[in-house]
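File shown: coords24.cif. Contents: mmCIF, C-alpha atoms and all ligand atoms.
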```cif
data_query
#
loop_
_atom_site.label_atom_id
_atom_site.label_comp_id
_atom_site.auth_asym_id
_atom_site.auth_seq_id
_atom_site.Cartn_x
_atom_site.Cartn_y
_atom_site.Cartn_z
CA MET A 56 89.89 181.15 58.68
CA ASP A 57 89.56 182.69 55.23
CA TYR A 58 92.02 180.71 53.09
CA THR A 59 91.18 182.55 49.86
CA THR A 60 94.36 182.57 47.75
CA LYS A 61 94.86 183.60 44.14
CA ILE A 62 97.49 182.24 41.76
CA ALA A 63 97.18 183.76 38.26
CA ASN A 64 93.53 183.28 37.14
CA GLN A 65 92.74 180.68 39.79
CA VAL A 66 91.11 181.26 43.19
CA PHE A 67 91.62 178.69 45.94
CA HIS A 68 89.45 178.42 49.05
CA HIS A 69 91.57 175.87 50.93
CA LEU A 70 95.35 175.60 51.17
CA PHE A 71 95.69 171.97 50.17
CA ILE A 72 96.44 170.19 46.89
CA ASN A 73 97.70 166.68 46.18
CA ALA A 74 101.33 166.43 45.09
CA ALA A 75 101.58 165.50 41.40
CA GLY A 76 101.94 161.75 41.24
CA VAL A 77 99.85 160.96 44.31
CA TYR A 78 96.13 160.11 43.91
CA CYS A 79 96.05 161.49 40.37
CA GLN A 80 96.84 158.69 37.93
CA THR A 81 93.22 157.96 36.87
CA PHE A 82 89.86 159.76 36.60
CA GLU A 83 88.75 157.84 39.70
CA GLU A 84 91.70 159.01 41.78
CA LEU A 85 91.38 162.60 40.54
CA GLU A 86 87.69 162.59 41.49
CA GLN A 87 88.54 161.38 45.00
CA ILE A 88 90.65 164.51 45.46
CA GLN A 89 87.99 166.74 43.85
CA ASN A 90 85.54 165.45 46.47
CA ALA A 91 87.90 165.40 49.46
CA PRO A 92 86.85 167.76 52.29
CA CYS A 93 89.27 170.72 52.65
CA ALA A 94 91.01 170.02 49.33
CA GLY A 95 91.64 173.34 47.59
CA ALA A 96 92.85 172.07 44.23
CA VAL A 97 93.78 168.98 42.25
CA ILE A 98 96.79 168.29 40.05
CA THR A 99 97.20 165.53 37.48
CA LYS A 100 100.06 163.03 37.37
CA SER A 101 102.93 164.47 35.30
CA ALA A 102 101.96 163.58 31.75
CA THR A 103 104.27 162.54 28.91
CA ALA A 104 103.22 162.65 25.25
CA LYS A 105 102.39 158.94 25.25
CA GLU A 106 101.24 156.53 27.96
CA ARG A 107 104.13 155.10 30.02
CA SER A 108 104.18 152.01 32.20
CA GLY A 109 107.14 153.30 34.24
CA ASN A 110 109.80 151.37 36.12
CA SER A 111 109.59 147.73 37.21
CA GLU A 112 108.12 146.84 40.60
CA PRO A 113 108.54 146.99 43.54
CA ARG A 114 109.04 150.73 42.88
CA TYR A 115 107.33 152.33 45.89
CA PHE A 116 107.63 151.76 49.63
CA GLU A 117 105.90 153.57 52.49
CA ASN A 118 106.76 153.34 56.14
CA SER A 119 103.42 154.37 57.64
CA VAL A 120 104.84 154.27 61.18
CA GLU A 121 107.60 156.76 60.39
CA HIS A 122 105.57 158.64 57.72
CA ASN A 123 108.30 158.20 55.11
CA THR A 124 108.32 156.97 51.51
CA ILE A 125 110.75 156.11 48.78
CA ASN A 126 109.75 155.78 45.12
CA SER A 127 111.18 155.15 41.70
CA MET A 128 107.95 155.14 39.69
CA GLY A 129 109.59 156.21 36.43
CA LEU A 130 106.81 158.57 35.31
CA PRO A 131 104.06 155.99 34.72
CA ASN A 132 101.07 157.88 33.34
CA LEU A 133 98.20 157.52 30.92
CA GLY A 134 99.51 160.15 28.50
CA ILE A 135 98.70 163.84 27.98
CA ASP A 136 95.49 163.18 25.99
CA TYR A 137 93.96 161.20 28.87
CA TYR A 138 94.48 164.03 31.36
CA LEU A 139 93.47 166.67 28.80
CA ASN A 140 90.24 164.75 28.33
CA TYR A 141 89.73 164.80 32.10
CA VAL A 142 90.26 168.53 32.55
CA LEU A 143 88.19 169.46 29.46
CA LYS A 144 85.33 166.98 29.72
CA HIS A 145 84.46 167.20 33.40
CA SER A 146 82.76 170.02 35.28
CA LEU A 147 85.56 170.19 37.79
CA LYS A 148 84.67 171.15 41.35
CA LEU A 149 88.12 172.54 42.22
CA PRO A 150 90.81 174.42 40.32
CA THR A 151 92.64 171.64 38.47
CA LEU A 152 96.32 171.98 37.63
CA PHE A 153 97.89 170.15 34.72
CA SER A 154 101.33 168.61 35.32
CA ILE A 155 103.52 168.22 32.26
CA VAL A 156 106.83 166.46 31.85
CA GLY A 157 109.10 165.47 28.99
CA LEU A 158 112.09 163.17 28.72
CA CYS A 159 113.63 165.61 26.27
CA GLN A 160 113.15 169.28 25.49
CA LYS A 161 111.20 168.50 22.32
CA GLU A 162 108.64 166.47 24.28
CA ILE A 163 108.19 169.31 26.78
CA ILE A 164 107.63 171.81 23.96
CA ASP A 165 105.28 169.50 22.06
CA ASN A 166 103.23 168.85 25.22
CA LEU A 167 102.97 172.55 26.00
CA LYS A 168 102.07 173.37 22.39
CA LYS A 169 99.17 170.92 22.72
CA LEU A 170 98.05 172.59 25.97
CA GLN A 171 98.44 176.04 24.44
CA ALA A 172 96.18 175.01 21.53
CA SER A 173 93.60 173.38 23.84
CA ASP A 174 90.71 174.98 25.73
CA PHE A 175 92.46 174.27 29.05
CA SER A 176 92.53 177.55 30.98
CA GLY A 177 93.94 176.46 34.35
CA LEU A 178 97.47 176.43 35.74
CA THR A 179 100.13 174.27 34.11
CA GLU A 180 102.96 172.81 36.17
CA LEU A 181 106.13 171.99 34.27
CA ASN A 182 107.93 169.22 36.15
CA LEU A 183 111.64 169.94 35.84
CA SER A 184 112.61 167.60 38.67
CA TYR A 185 111.69 163.96 38.14
CA PRO A 186 114.51 161.94 39.77
CA ASN A 187 113.66 158.41 38.69
CA VAL A 188 114.29 158.02 34.99
CA SER A 189 117.60 156.18 34.53
CA GLY A 190 120.24 158.03 32.63
CA LYS A 191 118.35 161.30 32.77
CA PRO A 192 119.82 164.06 34.96
CA GLN A 193 117.26 166.28 36.68
CA ILE A 194 116.79 169.28 34.36
CA ALA A 195 116.57 171.77 37.21
CA TYR A 196 120.04 170.75 38.39
CA ASP A 197 121.38 171.91 35.01
CA PHE A 198 120.99 175.70 35.15
CA ALA A 199 121.87 176.28 31.49
CA ALA A 200 119.31 173.68 30.37
CA THR A 201 116.69 175.23 32.67
CA ARG A 202 117.23 178.68 31.19
CA GLU A 203 117.15 177.26 27.64
CA ILE A 204 113.90 175.40 28.22
CA LEU A 205 112.19 178.39 29.84
CA ASP A 206 113.34 180.60 26.96
CA ASN A 207 111.79 178.19 24.47
CA VAL A 208 108.61 177.71 26.52
CA PHE A 209 107.88 181.39 27.09
CA ALA A 210 108.54 182.13 23.41
CA PHE A 211 105.04 180.76 22.78
CA TYR A 212 103.29 179.61 25.98
CA SER A 213 100.90 182.30 27.19
CA LYS A 214 98.82 180.41 29.75
CA PRO A 215 99.71 180.60 33.48
CA LEU A 216 102.71 178.33 34.17
CA GLY A 217 104.49 177.08 37.26
CA VAL A 218 107.56 174.88 37.59
CA LYS A 219 108.16 171.92 39.95
CA LEU A 220 111.66 172.06 41.39
CA PRO A 221 113.93 169.54 43.08
CA PRO A 222 115.49 170.39 46.44
CA TYR A 223 118.68 172.46 46.44
CA PHE A 224 121.27 172.15 49.18
CA ASP A 225 123.64 175.03 48.56
CA ILE A 226 122.97 178.75 49.10
CA ALA A 227 124.73 179.52 45.81
CA HIS A 228 122.27 177.20 44.06
CA PHE A 229 119.29 179.00 45.64
CA ASP A 230 120.79 182.23 44.27
CA GLN A 231 121.35 180.74 40.81
CA ILE A 232 117.95 179.09 40.32
CA ALA A 233 116.10 182.15 41.68
CA ALA A 234 118.04 184.44 39.33
CA ILE A 235 116.92 182.27 36.41
CA LEU A 236 113.27 182.00 37.50
CA ASN A 237 112.98 185.75 38.14
CA ASP A 238 113.65 186.33 34.43
CA TYR A 239 110.33 184.69 33.46
CA PRO A 240 106.63 185.52 33.98
CA LEU A 241 106.02 182.43 36.13
CA ALA A 242 102.75 182.16 38.01
CA TYR A 243 104.35 180.05 40.72
CA VAL A 244 107.06 177.66 41.79
CA ASN A 245 106.33 174.32 43.45
CA ALA A 246 109.12 173.33 45.83
CA ILE A 247 110.13 170.59 46.46
CA ASN A 248 109.91 167.36 44.55
CA SER A 249 111.19 164.22 46.31
CA VAL A 250 114.78 164.25 47.54
CA GLY A 251 116.42 162.28 44.76
CA ASN A 252 118.30 159.03 45.00
CA GLY A 253 117.97 158.03 48.60
CA LEU A 254 118.37 154.39 49.69
CA VAL A 255 116.20 152.37 52.09
CA ILE A 256 117.18 148.91 53.34
CA ASP A 257 114.92 146.10 54.59
CA PRO A 258 116.35 145.08 58.00
CA GLU A 259 114.87 141.58 57.71
CA THR A 260 116.61 140.70 54.47
CA ASP A 261 119.51 143.15 54.06
CA THR A 262 117.90 144.01 50.73
CA VAL A 263 116.97 147.33 49.15
CA MET A 264 113.23 148.15 49.31
CA ILE A 265 112.68 148.99 45.64
CA LYS A 266 113.91 147.28 42.47
CA PRO A 267 114.68 150.11 39.97
CA LYS A 268 118.16 151.66 40.00
CA ASP A 269 119.34 149.07 42.53
CA GLY A 270 117.17 150.64 45.22
CA PHE A 271 117.90 154.34 44.68
CA GLY A 272 114.74 156.44 44.74
CA GLY A 273 113.07 159.73 45.60
CA LEU A 274 112.50 160.31 49.32
CA GLY A 275 109.29 161.79 50.71
CA GLY A 276 107.54 162.31 54.03
CA LYS A 277 108.78 163.38 57.47
CA GLN A 278 112.41 162.77 56.55
CA ILE A 279 112.45 165.63 54.00
CA LYS A 280 110.61 168.28 56.03
CA ALA A 281 113.66 170.37 56.99
CA THR A 282 114.89 170.39 53.40
CA ALA A 283 111.47 171.35 52.08
CA LEU A 284 111.08 174.21 54.59
CA ALA A 285 114.54 175.55 53.71
CA ASN A 286 113.78 175.49 49.98
CA VAL A 287 110.44 177.26 50.42
CA ARG A 288 112.06 179.88 52.66
CA ALA A 289 115.08 180.43 50.39
CA LEU A 290 112.95 180.76 47.26
CA ARG A 291 110.46 183.08 48.95
CA GLN A 292 113.32 185.35 50.01
CA ARG A 293 114.71 185.46 46.46
CA LEU A 294 111.79 185.29 44.01
CA HIS A 295 109.77 188.29 42.84
CA PRO A 296 106.62 188.53 45.01
CA GLN A 297 104.37 187.93 41.98
CA ILE A 298 105.82 184.42 41.67
CA LYS A 299 103.73 182.47 44.17
CA ILE A 300 104.92 179.34 46.01
CA ILE A 301 103.25 175.97 46.39
CA ALA A 302 105.10 174.22 49.22
CA THR A 303 105.59 170.45 49.01
CA GLY A 304 107.55 168.16 51.28
CA GLY A 305 107.37 166.72 54.77
CA VAL A 306 103.75 167.65 55.54
CA THR A 307 102.28 165.10 57.96
CA ASN A 308 100.56 167.35 60.52
CA GLY A 309 99.13 170.84 61.04
CA ARG A 310 102.37 172.20 62.53
CA ASN A 311 104.22 171.31 59.29
CA VAL A 312 101.61 173.26 57.31
CA TYR A 313 102.02 176.20 59.70
CA ASP A 314 105.81 176.06 59.28
CA HIS A 315 105.52 176.13 55.48
CA LEU A 316 103.28 179.20 55.81
CA LEU A 317 105.91 180.86 58.03
CA CYS A 318 108.45 180.16 55.28
CA GLY A 319 106.22 181.85 52.73
CA ALA A 320 103.98 179.17 51.21
CA ASP A 321 100.86 180.34 49.37
CA LEU A 322 99.46 176.82 49.04
CA VAL A 323 100.61 173.52 50.55
CA SER A 324 100.73 170.22 48.70
CA VAL A 325 100.68 166.80 50.32
CA GLY A 326 102.30 163.73 48.74
CA SER A 327 103.60 160.92 50.91
CA GLN A 328 101.12 161.44 53.77
CA LEU A 329 98.25 161.59 51.28
CA GLY A 330 99.42 158.27 49.84
CA ILE A 331 99.68 156.76 53.33
CA GLU A 332 96.49 158.21 54.87
CA GLY A 333 94.19 158.88 51.92
CA PRO A 334 92.19 161.98 50.96
CA THR A 335 90.83 162.49 54.49
CA VAL A 336 94.29 163.84 55.32
CA PHE A 337 93.33 167.33 54.13
CA ALA A 338 90.54 167.72 56.70
CA ARG A 339 92.84 166.47 59.49
CA LEU A 340 95.60 168.91 58.49
CA GLU A 341 93.16 171.83 58.32
CA LYS A 342 91.70 170.95 61.74
CA GLU A 343 95.15 170.75 63.31
CA LEU A 344 96.14 174.02 61.65
CA GLU A 345 93.01 175.77 62.98
CA GLU A 346 93.90 174.58 66.49
CA ILE A 347 97.28 176.27 66.15
CA PHE A 348 95.64 179.46 64.86
CA ALA A 349 93.26 179.42 67.86
CA ASP A 350 96.13 178.94 70.33
CA LYS A 351 98.02 181.87 68.80
CA GLY A 352 95.01 184.15 68.27
CA ILE A 353 95.67 184.21 64.50
CA THR A 354 92.67 185.32 62.44
CA ASP A 355 94.29 186.21 59.10
CA LEU A 356 96.86 184.33 57.02
CA ARG A 357 98.80 187.57 56.61
CA GLN A 358 99.79 187.20 60.27
CA VAL A 359 101.62 183.93 59.36
CA ARG A 360 102.74 183.93 55.73
CA GLY A 361 106.44 184.70 55.53
CA LYS A 362 106.59 185.66 59.20
CA LEU A 363 109.38 183.29 60.23
CA LYS A 364 111.36 184.91 63.02
CA LEU A 365 115.15 185.03 63.13
CA ILE A 366 117.46 185.26 66.09
CA ALA A 367 118.66 188.86 66.44
O1 LIG B 1 108.72 163.91 39.61
C1 LIG B 1 108.64 162.79 40.16
N1 LIG B 1 108.95 162.64 41.45
C2 LIG B 1 108.94 161.45 42.07
O2 LIG B 1 109.30 161.38 43.27
N2 LIG B 1 108.56 160.35 41.37
C3 LIG B 1 107.94 160.48 40.12
C4 LIG B 1 108.20 159.29 39.22
O3 LIG B 1 109.16 158.55 39.42
O4 LIG B 1 107.39 159.18 38.29
N3 LIG B 1 108.25 161.69 39.44
#
```
Rendering of file as structure tokens:
Amino acid sequence: MDYTTKIANQVFHHLFINAAGVYCQTFEELEQIQNAPCAGAVITKSATAKERSGNSEPRYFENSVEHNTINSMGLPNLGIDYYLNYVLKHSLKLPTLFSIVGLCQKEIIDNLKKLQASDFSGLTELNLSYPNVSGKPQIAYDFAATREILDNVFAFYSKPLGVKLPPYFDIAHFDQIAAILNDYPLAYVNAINSVGNGLVIDPETDTVMIKPKDGFGGLGGKQIKATALANVRALRQRLHPQIKIIATGGVTNGRNVYDHLLCGADLVSVGSQLGIEGPTVFARLEKELEEIFADKGITDLRQVRGKLKLIA
């Protein structure tokens, strides 16, 4: 299968990318994704202006039997300069996306001003959906704040930009966020981030699994697949066609990848299952996807992308 896909000035030859936050904290982790068979791109951990240690531990739990995770990392990262050094200093094998975050609007603007002034020429992903910083509401759940930030960003930022969104659960919210995003020259939207503020209990001890926020954390893996598919589908139906979609959420096998393509995904990102299985996951997913294509006699992605069928 020819997976060639373009987003802005970047050409991808495989569908898969790591989800920001997974296997992308350090140069070593980033290089493991660069060198992973069937990886199409790499994205850095969402970077703040300065290095952050993040929330106290335990802050991550994976159930590798059920392919589910919960996390409250709290945006630990090595700071924007570390990741800028990586993307500028290394002859990168794959298109490398730069994830940016800010705990306030000023930090977002300052980070993007630094990127704008740098020689970085790839895609930038503005994370508007981190669910694990106490006392901070998710920006993308505040539609006025989202519009204000995008106004301020696009007043100066001229490099290709995407936004990372949280899941929405109301048709009116799909309408509202799409109406906002369609007003801006976005290269893409990445949907979804983890499903915020879930709760997982240890049956042995009647205790929460993670320490921060008394156990509340972002959910990932199989348990969020239906929500992720719905968000990809709803956004694809509403966004201008030139705004591409990176689908994230619930991908643990080839059928999940196929389903995201049916919903309109241009690329597919893997978070929880990458964390559980490691970078060999991309080759497994691609193999399973090719088996589905063979069964269905599919030879071109245009036969799948956005071709979800409804009941007449
Ligand atoms: O955007 C994020 N999504 C998550 O699920 N976790 C991280 C974090 O907590 O750093 N950030």
Please identify all protein, DNA and RNA residues within 8 Å of ligand LIG 1 (chain B), counting all atoms listed in the file, and report them as a ChimeraX atom specification. /A:75-76,101,109-110,125-131,182-188,248-251,272-275
Could you write those residues out with C-alpha atoms, as a PDB file, keeping the file's coordinate frame?
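Written file, out.pdb:
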```pdb
ATOM      1  CA  ALA A  75     101.580 165.500  41.400  1.00  0.00           C
ATOM      2  CA  GLY A  76     101.940 161.750  41.240  1.00  0.00           C
ATOM      3  CA  SER A 101     102.930 164.470  35.300  1.00  0.00           C
ATOM      4  CA  GLY A 109     107.140 153.300  34.240  1.00  0.00           C
ATOM      5  CA  ASN A 110     109.800 151.370  36.120  1.00  0.00           C
ATOM      6  CA  ILE A 125     110.750 156.110  48.780  1.00  0.00           C
ATOM      7  CA  ASN A 126     109.750 155.780  45.120  1.00  0.00           C
ATOM      8  CA  SER A 127     111.180 155.150  41.700  1.00  0.00           C
ATOM      9  CA  MET A 128     107.950 155.140  39.690  1.00  0.00           C
ATOM     10  CA  GLY A 129     109.590 156.210  36.430  1.00  0.00           C
ATOM     11  CA  LEU A 130     106.810 158.570  35.310  1.00  0.00           C
ATOM     12  CA  PRO A 131     104.060 155.990  34.720  1.00  0.00           C
ATOM     13  CA  ASN A 182     107.930 169.220  36.150  1.00  0.00           C
ATOM     14  CA  LEU A 183     111.640 169.940  35.840  1.00  0.00           C
ATOM     15  CA  SER A 184     112.610 167.600  38.670  1.00  0.00           C
ATOM     16  CA  TYR A 185     111.690 163.960  38.140  1.00  0.00           C
ATOM     17  CA  PRO A 186     114.510 161.940  39.770  1.00  0.00           C
ATOM     18  CA  ASN A 187     113.660 158.410  38.690  1.00  0.00           C
ATOM     19  CA  VAL A 188     114.290 158.020  34.990  1.00  0.00           C
ATOM     20  CA  ASN A 248     109.910 167.360  44.550  1.00  0.00           C
ATOM     21  CA  SER A 249     111.190 164.220  46.310  1.00  0.00           C
ATOM     22  CA  VAL A 250     114.780 164.250  47.540  1.00  0.00           C
ATOM     23  CA  GLY A 251     116.420 162.280  44.760  1.00  0.00           C
ATOM     24  CA  GLY A 272     114.740 156.440  44.740  1.00  0.00           C
ATOM     25  CA  GLY A 273     113.070 159.730  45.600  1.00  0.00           C
ATOM     26  CA  LEU A 274     112.500 160.310  49.320  1.00  0.00           C
ATOM     27  CA  GLY A 275     109.290 161.790  50.710  1.00  0.00           C
TER      28      GLY A 275
END
```
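Between CA of Ala199 (chain A) and CA of Arg107 (chain A) there is a distance of 27.7 Å.
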- Can you list, as a ChimeraX atom specification, every protein, DNA or RNA residue that comes within 9 Å of Ile232 (chain A) when you count all atoms listed in the file, leaving out same-chain residues fewer than 6 positions away? /A:195-196,198,201,290
With distances taken over only C-alpha atoms, the candidate from A:Tyr313, A:Tyr223, A:Tyr141, A:Tyr243 nearest Glu83 (chain A) is A:Tyr141
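For the pair CA of Leu178 (chain A) and CA of Arg339 (chain A), the interatomic distance is 26.2 Å.
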